[in-house]
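This report concerns only the one structure given below.
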Amino acid sequence: MFKKTRFPLLMLTLSTTAFAGQLKVVATTADLASIAREITGDLAKVDSICTGKQDPHHLQARPKYVMMARGADLWIRTGMELEVGWEMPVIDGSRNRGIRPGQPGHLDASAHIHKLEVPEASMLSRAMGDVHAQGNPHYLIDPENAKHVAADIAARLARLDPKNEEAYKANAVRFQQEVDRRMEDWKAKMEPFLGKPVVTYHKSWIYFCHRFGIRIAIELEPKPGIPPSPTHLTRVVQTVQAEKIGVILQEPWYSTKAADRVAEKTGARVVVAPTSTGGDPAATDYFSLIDLIVQRLAGE
């Protein structure tokens, strides 16, 4: 887990005006913001702290994030310790009591998802690398989890803005139906990978691979957050050769040097795909993000 960033509290005056016009929603990641926009439509202004080209593990609290949080009616976080290093410094700095944990204006989007890789408390130690005590937080690249998140966002918006409850819930249903409609195509394109092994860089792909029946044989990182070492890459090469693995899948913010080295020795194909909306020019919203990951893996 990460150390909390110390951030000086800014003396900001909090408005006491009730919702005048649009609600202001601030999501910690671009994925959450994209889903929130599907639910709010024109009823809210939605912004995200982290862009799709940034690694949310290592974001630093900045004054501009504090200003965004200051005016938020609803703060939506990924949770599961993804934002542990910077979320509370931003919220504390904003002096916005309405978005503090436990308040109606604070939503942890992980509440109803099926969590993977939750370690036993007795086994947790720094020797495991950057392991999250509440489980792997990269759950949004499983479209089924996105459906749960959409419903939770709609419910919380309805609580904050009851006069538009019907619209929020109808939009959530439409989002869920669109996920179901596209899932048929995504599964068809991923069928050749069903039960097959791949290599990934970081443990960002657990939920996606679990959803589509893809087996992760080994990561390029020897432990989460630990850069690849020559010794570990030798082990990766041996695994790829032994299991005849054809794909190395990684996020865009990591160097491809390690993946390219393994590919040169094994002939595996390096696939760089975004894990967040906006991580690639083609990933303009949540649906196009999943489309792009599927297309890249399928070699389209």
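Residue numbering restarts at 1 for every chain of the structure tokens, chains are lettered A, B, ... in their displayed order, and ligands are numbered from 1 as they appear.
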
Need the shell around Asp280 (chain A): protein/DNA/RNA residues with any atom at most 9 Å away, counting only C-alpha atoms. Skip same-chain ones fewer than 4 positions apart. Format as an mmCIF file with N, CA, C and O atoms, in the first residue's frame?
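Output file selection.cif follows:
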data_model
loop_
_atom_site.group_PDB
_atom_site.id
_atom_site.type_symbol
_atom_site.label_atom_id
_atom_site.label_comp_id
_atom_site.auth_asym_id
_atom_site.auth_seq_id
_atom_site.Cartn_x
_atom_site.Cartn_y
_atom_site.Cartn_z
ATOM 1 N N GLY A 52 -7.275 9.017 -18.169
ATOM 2 C CA GLY A 52 -7.028 7.651 -18.600
ATOM 3 C C GLY A 52 -5.581 7.358 -18.927
ATOM 4 O O GLY A 52 -5.199 6.201 -19.094
ATOM 5 N N LYS A 53 -4.752 8.394 -18.995
ATOM 6 C CA LYS A 53 -3.335 8.214 -19.300
ATOM 7 C C LYS A 53 -2.470 8.232 -18.051
ATOM 8 O O LYS A 53 -1.255 8.145 -18.143
ATOM 9 N N PRO A 252 -0.566 1.040 -21.050
ATOM 10 C CA PRO A 252 0.234 1.982 -21.837
ATOM 11 C C PRO A 252 1.229 2.804 -21.033
ATOM 12 O O PRO A 252 2.157 3.370 -21.609
ATOM 13 N N ALA A 273 -2.752 -2.078 -24.418
ATOM 14 C CA ALA A 273 -4.156 -1.647 -24.430
ATOM 15 C C ALA A 273 -4.443 -0.823 -23.183
ATOM 16 O O ALA A 273 -3.916 -1.108 -22.111
ATOM 17 N N PRO A 274 -5.273 0.197 -23.314
ATOM 18 C CA PRO A 274 -5.609 1.022 -22.150
ATOM 19 C C PRO A 274 -6.507 0.267 -21.183
ATOM 20 O O PRO A 274 -7.290 -0.591 -21.594
ATOM 21 N N SER A 276 -8.248 2.224 -19.025
ATOM 22 C CA SER A 276 -9.140 3.276 -18.572
ATOM 23 C C SER A 276 -9.598 4.127 -19.748
ATOM 24 O O SER A 276 -8.864 4.305 -20.727
ATOM 25 N N THR A 284 -12.946 6.605 -26.081
ATOM 26 C CA THR A 284 -13.578 7.871 -25.710
ATOM 27 C C THR A 284 -14.619 7.738 -24.605
ATOM 28 O O THR A 284 -14.970 8.726 -23.964
ATOM 29 N N LEU A 289 -13.849 1.754 -24.715
ATOM 30 C CA LEU A 289 -12.688 1.196 -24.014
ATOM 31 C C LEU A 289 -12.687 -0.324 -24.107
ATOM 32 O O LEU A 289 -11.678 -0.931 -24.492
ATOM 33 N N LEU A 292 -12.040 -1.539 -27.575
ATOM 34 C CA LEU A 292 -10.639 -1.423 -27.986
ATOM 35 C C LEU A 292 -9.784 -2.536 -27.393
ATOM 36 O O LEU A 292 -8.937 -3.118 -28.095
#

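On the backbone of this structure, DSSP gives strand (DSSP E or B) within region 24-192 of chain A to Lys24, Val25, Val26, Ala27, Ala44, Lys45, Val46, Asp47, Ser48, Leu74, Trp75, Ile76, Arg77, His106, Leu107 and Asp108 of chain A.
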
Exercise for review: Have a look at CA of Leu116 (chain A) and CA of Pro143 (chain A) and let me know their distance in Å, one decimal.
Suggested key: 14.6 Å

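The two atoms in question, CA of Leu140 (chain A) and CA of Asp161 (chain A), are spaced 25.3 Å apart.
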
Interface rows for region 236-261 of chain A against region 193-216 of chain A: nearest pair, Å to one decimal, 8 Å, only C-alpha atoms, as a Markdown table:
| residue | atom | partner | partner_atom | distance |
| --- | --- | --- | --- | --- |
| A:Val240 | CA | A:Val199 | CA | 7.8 |
| A:Glu243 | CA | A:Pro197 | CA | 7.5 |
| A:Ile245 | CA | A:Val198 | CA | 5.8 |
| A:Gly246 | CA | A:Val198 | CA | 6.9 |
| A:Val247 | CA | A:Val198 | CA | 5.4 |
| A:Ile248 | CA | A:Val199 | CA | 4.6 |
| A:Leu249 | CA | A:Thr200 | CA | 4.6 |
| A:Gln250 | CA | A:Tyr201 | CA | 5.0 |
| A:Glu251 | CA | A:Tyr201 | CA | 7.3 |
| A:Ala259 | CA | A:Tyr201 | CA | 7.9 |

Keeping only all heavy atoms, write the selected residues to a file as a short mmCIF file (atom, residue, chain, number, x, y, z; two decimals), in the first residue's frame.
data_model
loop_
_atom_site.label_atom_id
_atom_site.label_comp_id
_atom_site.auth_asym_id
_atom_site.auth_seq_id
_atom_site.Cartn_x
_atom_site.Cartn_y
_atom_site.Cartn_z
N VAL A 240 6.59 -18.79 -20.99
CA VAL A 240 6.00 -18.55 -22.32
C VAL A 240 6.34 -19.70 -23.26
O VAL A 240 5.48 -20.19 -24.02
CB VAL A 240 6.49 -17.20 -22.89
CG1 VAL A 240 6.03 -17.04 -24.34
CG2 VAL A 240 5.96 -16.05 -22.05
N GLU A 243 4.50 -23.04 -22.13
CA GLU A 243 3.05 -23.05 -22.29
C GLU A 243 2.59 -22.52 -23.65
O GLU A 243 1.39 -22.42 -23.90
CB GLU A 243 2.39 -22.23 -21.17
CG GLU A 243 2.68 -22.77 -19.78
CD GLU A 243 1.72 -22.25 -18.74
OE1 GLU A 243 0.54 -22.01 -19.09
OE2 GLU A 243 2.13 -22.10 -17.58
N ILE A 245 2.68 -19.57 -25.01
CA ILE A 245 1.85 -18.37 -24.82
C ILE A 245 2.09 -17.41 -25.98
O ILE A 245 3.23 -17.13 -26.36
CB ILE A 245 2.17 -17.69 -23.48
CG1 ILE A 245 1.84 -18.63 -22.32
CG2 ILE A 245 1.40 -16.38 -23.33
CD1 ILE A 245 2.28 -18.14 -20.96
N GLY A 246 1.00 -16.89 -26.55
CA GLY A 246 1.11 -16.07 -27.74
C GLY A 246 0.97 -14.58 -27.52
O GLY A 246 1.24 -13.79 -28.43
N VAL A 247 0.53 -14.15 -26.31
CA VAL A 247 0.24 -12.73 -26.09
C VAL A 247 0.82 -12.25 -24.76
O VAL A 247 0.72 -12.93 -23.73
CB VAL A 247 -1.28 -12.47 -26.10
CG1 VAL A 247 -1.61 -11.07 -25.59
CG2 VAL A 247 -1.84 -12.66 -27.49
N ILE A 248 1.43 -11.06 -24.82
CA ILE A 248 1.86 -10.33 -23.63
C ILE A 248 1.03 -9.06 -23.60
O ILE A 248 1.11 -8.22 -24.49
CB ILE A 248 3.35 -9.98 -23.68
CG1 ILE A 248 4.20 -11.25 -23.84
CG2 ILE A 248 3.76 -9.20 -22.43
CD1 ILE A 248 5.66 -10.99 -24.17
N LEU A 249 0.20 -8.91 -22.58
CA LEU A 249 -0.75 -7.81 -22.49
C LEU A 249 -0.30 -6.82 -21.42
O LEU A 249 -0.02 -7.21 -20.29
CB LEU A 249 -2.13 -8.37 -22.13
CG LEU A 249 -3.29 -7.39 -21.93
CD1 LEU A 249 -3.56 -6.60 -23.20
CD2 LEU A 249 -4.54 -8.16 -21.48
N GLN A 250 -0.21 -5.54 -21.78
CA GLN A 250 0.21 -4.57 -20.78
C GLN A 250 -0.44 -3.20 -20.96
O GLN A 250 -0.98 -2.88 -22.02
CB GLN A 250 1.73 -4.44 -20.77
CG GLN A 250 2.34 -3.63 -21.88
CD GLN A 250 3.78 -3.24 -21.54
OE1 GLN A 250 4.65 -4.09 -21.52
NE2 GLN A 250 4.00 -1.96 -21.28
N GLU A 251 -0.37 -2.41 -19.91
CA GLU A 251 -0.94 -1.07 -19.87
C GLU A 251 -0.02 -0.08 -20.58
O GLU A 251 1.19 -0.31 -20.69
CB GLU A 251 -1.13 -0.63 -18.41
CG GLU A 251 -1.92 -1.60 -17.56
CD GLU A 251 -1.11 -2.77 -17.03
OE1 GLU A 251 0.06 -2.98 -17.48
OE2 GLU A 251 -1.63 -3.50 -16.19
N ALA A 259 8.56 -6.34 -22.02
CA ALA A 259 7.70 -7.15 -22.89
C ALA A 259 8.38 -7.43 -24.23
O ALA A 259 8.30 -8.56 -24.75
CB ALA A 259 6.38 -6.43 -23.12
#

Review point. Hey, can you check how far CA of Lys244 (chain A) sits from CA of Thr266 (chain A)?
Key: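 Between CA of Lys244 (chain A) and CA of Thr266 (chain A) the gap works out to 8.6 Å.
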
**Study point:** Counting only C-alpha atoms, the option among A:Asn164, A:Thr234, A:Lys189, A:Ala282 closest to Gly299 (chain A)
**Key:**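 Using only C-alpha atoms, Gly299 (chain A) sits closest to A:Lys189.
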
Point to revise | Selection near region 60-63 of chain A, 6 Å with only C-alpha atoms, sequence-local residues under 3 positions removed, as an NGL selection string | key: :A and (66 or 86 or 90)

Exercise for review: Give me every alpha helix (DSSP H) residue in region 105-290 of chain A, going by DSSP on the backbone, as a ChimeraX atom specification.
Suggested key: /A:143-160,165-190,206-211,230-243,257-266,286-290

Review point. Between A:Arg296, A:Arg37, A:Arg77, A:Arg97, which is the closest to Ala109 (chain A) once you count only C-alpha atoms?
Key: A:Arg77

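Counting only C-alpha atoms and comparing A:Trp253, A:Glu191, A:His148, A:Ala268, the residue that lies closest to Thr51 (chain A) is A:Trp253.
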
Practice item. Find, counting only C-alpha atoms, the residue in A:Val270, A:Ala154, A:Met190, A:Val237 that gets nearest to Ile35 (chain A). Key: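 Closest to Ile35 (chain A), using only C-alpha atoms: A:Ala154.
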